[in-house]
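Heads up, run23.cif below (mmCIF, C-alpha atoms and all ligand atoms):
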data_my_file
#
loop_
_atom_site.label_atom_id
_atom_site.label_comp_id
_atom_site.auth_asym_id
_atom_site.auth_seq_id
_atom_site.Cartn_x
_atom_site.Cartn_y
_atom_site.Cartn_z
CA MET Q 12 28.09 -39.32 88.46
CA SER Q 13 31.85 -39.16 88.19
CA PRO Q 14 34.21 -36.27 88.97
CA GLY Q 15 34.92 -36.33 85.22
CA THR Q 16 31.30 -35.34 84.58
CA ALA Q 17 31.59 -32.41 86.99
CA GLU Q 18 34.76 -31.32 85.22
CA ALA Q 19 33.17 -31.62 81.75
CA LEU Q 20 30.16 -29.60 82.92
CA TRP Q 21 32.36 -26.90 84.41
CA GLU Q 22 34.42 -26.65 81.20
CA ARG Q 23 31.23 -26.04 79.20
CA LEU Q 24 29.42 -23.75 81.64
CA ALA Q 25 32.11 -21.57 83.19
CA PRO Q 26 32.93 -19.71 79.93
CA LEU Q 27 29.25 -18.68 79.76
CA ALA Q 28 28.94 -17.71 83.42
CA PRO Q 29 32.26 -16.61 84.88
CA GLY Q 30 32.72 -17.74 88.47
CA LEU Q 31 30.28 -20.64 88.14
CA THR Q 32 31.05 -23.71 90.21
CA VAL Q 33 29.79 -27.26 89.77
CA GLU Q 34 29.12 -29.26 92.93
CA MET Q 35 28.13 -32.90 93.16
CA VAL Q 36 26.97 -34.23 96.49
CA ALA Q 37 25.95 -37.72 97.56
CA GLU Q 38 22.99 -36.46 99.58
CA VAL Q 39 21.24 -33.22 100.49
CA ASP Q 40 17.75 -32.42 101.76
CA SER Q 41 16.92 -30.67 98.48
CA THR Q 42 19.17 -28.96 95.97
CA ASN Q 43 16.65 -26.09 95.80
CA THR Q 44 16.47 -25.75 99.58
CA GLU Q 45 20.26 -25.74 99.82
CA LEU Q 46 20.75 -23.02 97.19
CA MET Q 47 17.94 -20.91 98.66
CA ARG Q 48 19.57 -21.24 102.11
CA ARG Q 49 22.86 -20.07 100.68
CA ALA Q 50 21.21 -17.18 98.81
CA ARG Q 51 19.51 -15.99 102.00
CA ALA Q 52 22.92 -16.11 103.67
CA GLY Q 53 24.25 -13.78 100.97
CA GLN Q 54 25.80 -16.29 98.55
CA ALA Q 55 24.70 -15.25 95.08
CA GLU Q 56 27.40 -16.77 92.87
CA PRO Q 57 26.36 -18.95 89.94
CA VAL Q 58 26.35 -22.63 90.91
CA LEU Q 59 25.20 -25.97 89.55
CA LEU Q 60 24.39 -28.29 92.46
CA VAL Q 61 23.77 -31.94 91.57
CA ALA Q 62 22.66 -34.49 94.17
CA GLN Q 63 22.73 -38.27 93.96
CA ALA Q 64 19.97 -38.38 96.57
CA GLN Q 65 17.56 -35.87 98.14
CA THR Q 66 16.02 -36.60 101.53
CA ALA Q 67 13.37 -33.87 101.24
CA GLY Q 68 12.94 -33.17 97.53
CA ARG Q 69 10.26 -30.59 96.84
CA GLY Q 70 7.83 -30.04 93.98
CA ARG Q 71 5.44 -27.24 93.10
CA LEU Q 72 2.55 -26.27 95.38
CA GLY Q 73 4.24 -27.73 98.46
CA ARG Q 74 4.29 -31.27 97.10
CA ALA Q 75 7.13 -33.71 97.74
CA TRP Q 76 9.41 -34.81 94.92
CA GLN Q 77 10.54 -38.41 95.23
CA SER Q 78 13.55 -39.80 93.45
CA ALA Q 79 15.76 -42.83 93.82
CA PRO Q 80 19.57 -42.55 93.74
CA GLY Q 81 20.90 -43.48 90.31
CA ALA Q 82 17.40 -43.69 88.85
CA SER Q 83 16.88 -39.98 88.44
CA LEU Q 84 18.61 -36.70 87.77
CA THR Q 85 18.15 -34.06 90.46
CA PHE Q 86 19.90 -30.71 90.32
CA SER Q 87 19.48 -26.98 90.74
CA LEU Q 88 21.13 -24.17 88.85
CA GLY Q 89 21.44 -20.95 90.83
CA LEU Q 90 22.07 -17.68 89.03
CA SER Q 91 21.54 -13.98 89.63
CA LEU Q 92 19.10 -12.56 87.06
CA ALA Q 93 17.30 -9.28 86.41
CA PRO Q 94 14.63 -9.87 83.73
CA ALA Q 95 12.06 -7.11 83.23
CA ASP Q 96 9.35 -9.73 83.84
CA TRP Q 97 9.70 -13.19 85.38
CA ALA Q 98 6.48 -14.55 83.89
CA GLY Q 99 6.94 -17.63 81.74
CA LEU Q 100 10.38 -18.62 83.01
CA SER Q 101 9.39 -22.18 83.89
CA LEU Q 102 7.83 -22.60 80.43
CA ALA Q 103 11.01 -21.39 78.73
CA VAL Q 104 13.03 -23.81 80.88
CA GLY Q 105 10.63 -26.67 80.08
CA ALA Q 106 10.86 -26.07 76.32
CA THR Q 107 14.64 -26.01 76.53
CA LEU Q 108 14.87 -29.24 78.53
CA ALA Q 109 12.48 -31.04 76.19
CA GLU Q 110 14.41 -29.92 73.11
CA ALA Q 111 17.72 -30.96 74.67
CA LEU Q 112 16.54 -34.41 75.75
CA HIS Q 113 14.17 -36.02 73.22
CA PRO Q 114 11.61 -35.19 70.49
CA ALA Q 115 8.99 -37.31 72.26
CA ILE Q 116 8.84 -35.01 75.29
CA ARG Q 117 5.82 -32.74 75.65
CA LEU Q 118 5.14 -29.91 78.11
CA LYS Q 119 2.26 -29.79 80.51
CA TRP Q 120 1.70 -26.20 81.60
CA PRO Q 121 3.26 -24.77 83.60
CA ASN Q 122 6.27 -26.89 84.43
CA ASP Q 123 5.99 -30.62 83.78
CA LEU Q 124 7.80 -32.70 81.21
CA TRP Q 125 5.42 -35.33 79.90
CA VAL Q 126 5.59 -38.34 77.63
CA GLN Q 127 2.25 -39.82 76.55
CA ASP Q 128 0.49 -38.07 79.45
CA ARG Q 129 2.89 -39.51 82.01
CA LYS Q 130 5.28 -37.37 84.02
CA LEU Q 131 8.95 -37.59 83.06
CA GLY Q 132 10.12 -34.64 85.10
CA GLY Q 133 9.35 -31.36 86.79
CA ILE Q 134 10.76 -27.90 87.34
CA LEU Q 135 10.69 -25.88 90.54
CA ILE Q 136 11.84 -22.26 90.27
CA GLU Q 137 12.33 -20.14 93.36
CA THR Q 138 13.95 -16.74 93.77
CA ALA Q 139 15.61 -14.90 96.62
CA SER Q 140 16.13 -11.17 96.90
CA PRO Q 141 19.59 -9.92 97.82
CA GLY Q 142 17.79 -7.45 100.09
CA ASP Q 143 19.47 -4.39 98.59
CA GLY Q 144 16.38 -3.18 96.74
CA ALA Q 145 17.92 -4.12 93.39
CA ALA Q 146 15.78 -5.62 90.61
CA ARG Q 147 18.25 -8.51 90.41
CA ARG Q 148 17.19 -11.71 92.16
CA TYR Q 149 18.92 -15.01 92.74
CA ALA Q 150 16.99 -17.61 90.75
CA VAL Q 151 17.17 -21.27 91.74
CA VAL Q 152 16.03 -23.48 88.87
CA GLY Q 153 15.47 -27.00 90.19
CA VAL Q 154 14.99 -29.90 87.82
CA GLY Q 155 14.05 -33.52 88.52
CA ILE Q 156 13.97 -36.08 85.70
CA ASN Q 157 13.25 -39.80 85.91
CA ILE Q 158 15.99 -41.74 84.13
CA ALA Q 159 15.33 -45.39 85.03
CA PRO Q 160 12.02 -47.23 85.59
CA ARG Q 161 10.18 -46.11 88.69
CA ASP Q 162 7.25 -47.28 90.71
CA ALA Q 163 3.95 -45.44 90.24
CA ALA Q 164 2.89 -46.00 93.87
CA GLY Q 165 1.98 -42.75 95.63
CA LEU Q 166 2.23 -40.60 92.50
CA SER Q 167 -0.76 -38.55 91.32
CA THR Q 168 0.42 -38.83 87.70
CA ALA Q 169 1.86 -42.06 86.30
CA PRO Q 170 5.62 -41.77 85.74
CA ALA Q 171 7.62 -41.91 82.53
CA TRP Q 172 11.40 -42.33 82.37
CA LEU Q 173 14.05 -41.49 79.80
CA GLN Q 174 15.29 -45.06 79.34
CA GLU Q 175 11.88 -46.03 77.94
CA PHE Q 176 12.71 -44.34 74.67
CA ASP Q 177 16.48 -43.92 75.05
CA PRO Q 178 17.75 -47.17 76.62
CA ALA Q 179 21.30 -45.82 76.93
CA ALA Q 180 20.18 -42.75 78.91
CA THR Q 181 22.05 -41.95 82.13
CA ASP Q 182 21.80 -39.08 84.58
CA ALA Q 183 25.25 -37.84 83.51
CA ALA Q 184 24.47 -37.94 79.77
CA ALA Q 185 21.17 -36.13 80.31
CA LEU Q 186 22.82 -33.41 82.39
CA LEU Q 187 25.61 -32.96 79.84
CA ALA Q 188 23.00 -32.60 77.09
CA LEU Q 189 20.87 -30.02 78.86
CA ALA Q 190 23.23 -27.94 81.00
CA VAL Q 191 24.48 -25.51 78.36
CA PRO Q 192 21.08 -24.99 76.68
CA LEU Q 193 19.56 -24.40 80.12
CA LEU Q 194 22.11 -21.76 81.09
CA GLN Q 195 21.76 -20.09 77.68
CA THR Q 196 17.99 -20.02 78.11
CA LEU Q 197 18.24 -18.32 81.50
CA GLN Q 198 20.53 -15.70 80.01
CA ALA Q 199 18.29 -15.20 76.95
CA PHE Q 200 15.21 -14.99 79.19
CA GLU Q 201 16.89 -12.26 81.22
CA ARG Q 202 17.30 -10.16 78.08
CA PHE Q 203 14.21 -10.98 76.04
CA GLY Q 204 11.66 -12.50 78.42
CA PHE Q 205 9.25 -15.29 77.44
CA THR Q 206 8.23 -14.02 73.98
CA PRO Q 207 10.98 -15.83 72.00
CA PHE Q 208 10.05 -19.07 73.76
CA GLN Q 209 6.31 -18.90 73.10
CA ALA Q 210 6.43 -20.81 69.79
CA ARG Q 211 8.90 -23.33 71.21
CA PHE Q 212 6.52 -24.04 74.07
CA ALA Q 213 3.58 -24.25 71.67
CA ALA Q 214 5.37 -26.86 69.54
CA ARG Q 215 5.35 -29.22 72.52
CA ASP Q 216 2.22 -28.13 74.36
CA ALA Q 217 0.59 -31.33 75.73
CA LEU Q 218 -2.69 -29.61 76.64
CA ARG Q 219 -3.47 -27.69 73.46
CA ASP Q 220 -7.07 -28.13 72.27
CA ARG Q 221 -7.78 -30.62 75.05
CA PRO Q 222 -10.50 -30.48 77.69
CA VAL Q 223 -8.97 -29.54 81.04
CA THR Q 224 -10.09 -28.98 84.61
CA LEU Q 225 -8.53 -26.28 86.77
CA SER Q 226 -7.88 -26.99 90.45
CA ASP Q 227 -10.78 -24.66 91.37
CA GLY Q 228 -13.10 -27.02 89.46
CA THR Q 229 -13.52 -24.84 86.35
CA ALA Q 230 -13.79 -26.91 83.18
CA GLY Q 231 -12.72 -25.71 79.76
CA THR Q 232 -10.53 -26.31 76.74
CA ALA Q 233 -6.85 -25.34 76.66
CA HIS Q 234 -5.85 -23.01 73.82
CA GLY Q 235 -2.10 -22.52 74.22
CA VAL Q 236 -0.23 -19.85 76.16
CA THR Q 237 -0.04 -16.07 75.94
CA GLU Q 238 3.07 -13.95 75.37
CA SER Q 239 3.55 -13.90 79.12
CA GLY Q 240 3.13 -17.64 79.55
CA ALA Q 241 -0.43 -17.66 80.93
CA LEU Q 242 -2.54 -20.67 79.91
CA LEU Q 243 -5.57 -19.77 77.81
CA VAL Q 244 -8.59 -21.80 78.82
CA HIS Q 245 -11.93 -21.41 77.10
CA THR Q 246 -14.58 -21.88 79.79
CA ALA Q 247 -18.32 -21.33 80.04
CA ALA Q 248 -17.49 -17.78 81.19
CA GLY Q 249 -15.32 -17.10 78.12
CA MET Q 250 -11.58 -17.20 77.53
CA GLN Q 251 -9.55 -17.08 80.75
CA ALA Q 252 -5.81 -16.46 81.00
CA VAL Q 253 -4.65 -18.63 83.89
CA SER Q 254 -1.41 -17.52 85.42
CA SER Q 255 -1.72 -18.08 89.13
CA ALA Q 256 0.95 -20.25 90.66
CA GLU Q 257 -1.80 -21.69 92.84
CA VAL Q 258 -3.81 -23.07 89.97
CA SER Q 259 -3.10 -26.50 88.60
CA VAL Q 260 -4.65 -27.99 85.52
CA ARG Q 261 -5.36 -31.53 84.43
CA PRO Q 262 -6.48 -32.90 81.09
CA VAL Q 263 -9.82 -34.64 81.29
CA ALA Q 264 -9.13 -38.39 81.11
C1 LIG Q 301 7.28 -30.47 90.28
O1 LIG Q 301 7.06 -31.37 89.47
O2 LIG Q 301 6.38 -30.01 91.00
C2 LIG Q 301 8.67 -29.92 90.39
C3 LIG Q 301 9.69 -30.98 90.76
C4 LIG Q 301 11.08 -30.42 90.92
C5 LIG Q 301 12.03 -31.42 91.50
C6 LIG Q 301 13.45 -30.91 91.51
S1 LIG Q 301 14.60 -32.18 91.96
C7 LIG Q 301 15.86 -30.99 92.12
C8 LIG Q 301 15.26 -29.78 92.79
N1 LIG Q 301 15.27 -29.94 94.22
C9 LIG Q 301 14.05 -30.06 94.73
O3 LIG Q 301 13.79 -30.24 95.93
N2 LIG Q 301 13.14 -29.95 93.77
C10 LIG Q 301 13.75 -29.76 92.48
#

Take the structure in the file and give it back as structure tokens.
Amino acid sequence: MSPGTAEALWERLAPLAPGLTVEMVAEVDSTNTELMRRARAGQAEPVLLVAQAQTAGRGRLGRAWQSAPGASLTFSLGLSLAPADWAGLSLAVGATLAEALHPAIRLKWPNDLWVQDRKLGGILIETASPGDGAARRYAVVGVGINIAPRDAAGLSTAPAWLQEFDPAATDAAALLALAVPLLQTLQAFERFGFTPFQARFAARDALRDRPVTLSDGTAGTAHGVTESGALLVHTAAGMQAVSSAEVSVRPVA
């Protein structure tokens, strides 16, 4: 990505978040890890950190996130936020990214971008407390998106990539398309929570009305998400609202 892209991003984002900086680095362990390190050291300014390569990219539930330089978009947006309730943030982010990138993109609860049941990208949100007892926390919203073809070896879900359905797609173009909507979503979420995003998530819900299995082995049928972003699963024991970060869900093949 060129310095011109960083400049264009800054020109669009800084008016919405005064003091925001845009940083592009050739390599970092993980853009999330780096911004969390800074937050714990007291740096809570808004920042967009984009990396060409990550040496220790991280996914949800302690998984690794693998990406190849130039073949994927990897970045984190760090911002201080004080929503009344954090529930549903990754769903709101997912809906926003899908809308900004392509109509073919679906959302697999809670935080995957899918195309035809293959994984195009993922979201990892972490927060750090400033330690002053304030409700405000520093949120690090990490996003990884496959841009160019990638090998399925070692992946639990087959990959999809943007260039499959948008041959001209680049990491820079994707970031320019999603950066402003993403920042606006974080700011809207702070004020209004998940409720305004519920229908937007539902419009792209990849699991709706499909048989699913939860990571604890429970089988059921997915029935959309609640106002707080929990996944409704109809199981033998009745309707369950699944919200634990430790639960994953897979459609039955
Ligand atoms: C997941 O699918 O479990 C989430 C993947 C999130 C990957 C992105 S890449 C940029 C940021 N830095 C990381 O280490 N992870 C996120």

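Taking CA of Gly133 (chain Q) and CA of Phe200 (chain Q) as the two end points, the separation is 19.0 Å.
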
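Near Gly15 (chain Q), within a cut-off of 12 Å and counting all atoms listed in the file, sit the residues Met12, Ser13, Ala17, Glu18, Ala19, Leu20, Trp21, Glu22, Val33, Glu34, Met35, Ala183, Ala184 and Leu187 of chain Q, with same-chain residues fewer than 2 positions away left out.
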
Once you count all atoms listed in the file, what closest atom pair and distance in Å to one decimal does each residue of chain Q within 6 Å of ligand LIG 301 (chain Q) have, with rows by chain and rising residue number, as CSV?
residue,atom,partner,partner_atom,distance
Q:Ser41,CA,Q:LIG301,O3,4.1
Q:Thr42,CA,Q:LIG301,N1,4.4
Q:Asn43,CA,Q:LIG301,N1,4.4
Q:Gly68,CA,Q:LIG301,O3,3.4
Q:Arg69,CA,Q:LIG301,O3,3.7
Q:Gly70,CA,Q:LIG301,O2,3.3
Q:Arg71,CA,Q:LIG301,O2,3.6
Q:Trp76,CA,Q:LIG301,C5,5.5
Q:Thr85,CA,Q:LIG301,C7,4.2
Q:Phe86,CA,Q:LIG301,C7,4.4
Q:Ser87,CA,Q:LIG301,C8,5.5
Q:Asp123,CA,Q:LIG301,O1,5.8
Q:Gly133,CA,Q:LIG301,O1,3.5
Q:Ile134,CA,Q:LIG301,C2,4.2
Q:Leu135,CA,Q:LIG301,C2,4.5
Q:Gly153,CA,Q:LIG301,C8,3.8
Q:Val154,CA,Q:LIG301,C6,4.1
Q:Gly155,CA,Q:LIG301,S1,3.7

Could you check which residues have any atom within 7 Å of (23.2, -37.1, 96.3), counting all atoms listed in the file with coordinates taken straight from the file, and then list them as an MDAnalysis selection string?
chainID Q and resid 36:39 62:65

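Here the question is which of Q:Ala169, Q:Ala103, Q:Ala248, Q:Ala111 gets nearest to Ala188 (chain Q) using all atoms listed in the file, and that residue is Q:Ala111.
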
Could you give me, as a PyMOL selection string, the residues within 12 Å of region 162-167 of chain Q, counting all atoms listed in the file and dropping anything in the same chain fewer than 2 positions from it?
chain Q and resi 74-79+82+128-131+157+159-160+169-172+261

Would you pick out the contacts of Met250 (chain Q) at 10 Å or less, using only C-alpha atoms, so that residues sharing its chain but fewer than 6 positions from it are not included, and give the list as a ChimeraX atom specification?
/Q:231-234,242-244

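The two atoms in question, CA of Leu92 (chain Q) and CA of Ala210 (chain Q), are spaced 23.0 Å apart.
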
Please measure the separation of CA of Glu110 (chain Q) and CA of Leu124 (chain Q), giving the value in Å to one decimal.
10.8 Å

I want to know what sits within 10 Å of Ala146 (chain Q), based on all atoms listed in the file, with residues of the same chain fewer than 4 positions away left out; could you give that as a PyMOL selection string?
chain Q and resi 92-95+140-142

Counting all atoms listed in the file, figure out which residue out of Q:Gly240, Q:Leu108, Q:Asp40, Q:Arg48 gets nearest to Val191 (chain Q).
Q:Leu108

Write out as a JSON list (two decimals) with C-alpha atoms, in the frame of the given file each polymer residue whose atoms come within 7 Å of Ala55 (chain Q), counting all atoms listed in the file; drop sequence neighbours fewer than 4 positions from it.
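Saved file result.json follows:
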[["chain", "number", "residue", "atom", "x", "y", "z"],
["Q", 50, "ALA", "CA", 21.21, -17.18, 98.81],
["Q", 91, "SER", "CA", 21.54, -13.98, 89.63],
["Q", 149, "TYR", "CA", 18.92, -15.01, 92.74]]

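Take the candidates Q:Val151, Q:Leu112, Q:Val126, Q:Leu72 and check each one against Leu100 (chain Q) using only C-alpha atoms; the shortest distance goes to Q:Val151.
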
Could you give me, as CSV, a per-residue list for region 147-176 of chain Q showing, wherever an atom lies at most 12 Å from an atom of region 113-118 of chain Q, the closest pair of atoms and their distance in Å to one decimal, using all atoms listed in the file and sorting by chain then residue number from low to high?
residue,atom,partner,partner_atom,distance
Q:Ile156,CA,Q:Ile116,CA,11.7
Q:Ala171,CA,Q:Ile116,CA,10.1
Q:Trp172,CA,Q:Ile116,CA,10.5
Q:Leu173,CA,Q:His113,CA,8.6
Q:Gln174,CA,Q:His113,CA,11.0
Q:Glu175,CA,Q:Ala115,CA,10.8
Q:Phe176,CA,Q:Ala115,CA,8.3

Atoms to include: C-alpha atoms. Write the selected residues as an mmCIF file, in the coordinates of the input.
data_model
loop_
_atom_site.group_PDB
_atom_site.id
_atom_site.type_symbol
_atom_site.label_atom_id
_atom_site.label_comp_id
_atom_site.auth_asym_id
_atom_site.auth_seq_id
_atom_site.Cartn_x
_atom_site.Cartn_y
_atom_site.Cartn_z
ATOM 1 C CA ILE Q 156 13.970 -36.080 85.700
ATOM 2 C CA ALA Q 171 7.620 -41.910 82.530
ATOM 3 C CA TRP Q 172 11.400 -42.330 82.370
ATOM 4 C CA LEU Q 173 14.050 -41.490 79.800
ATOM 5 C CA GLN Q 174 15.290 -45.060 79.340
ATOM 6 C CA GLU Q 175 11.880 -46.030 77.940
ATOM 7 C CA PHE Q 176 12.710 -44.340 74.670
#

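The smallest atom-to-atom distance between Leu102 (chain Q) and any of Q:Gln209, Q:Thr181, Q:Thr66, Q:Ser254, using all atoms listed in the file, is found for Q:Gln209.
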
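Across Q:Val263, Q:Pro57, Q:Ala179, Q:Arg215, the tightest approach to Pro26 (chain Q) is made by Q:Pro57 when counting all atoms listed in the file.
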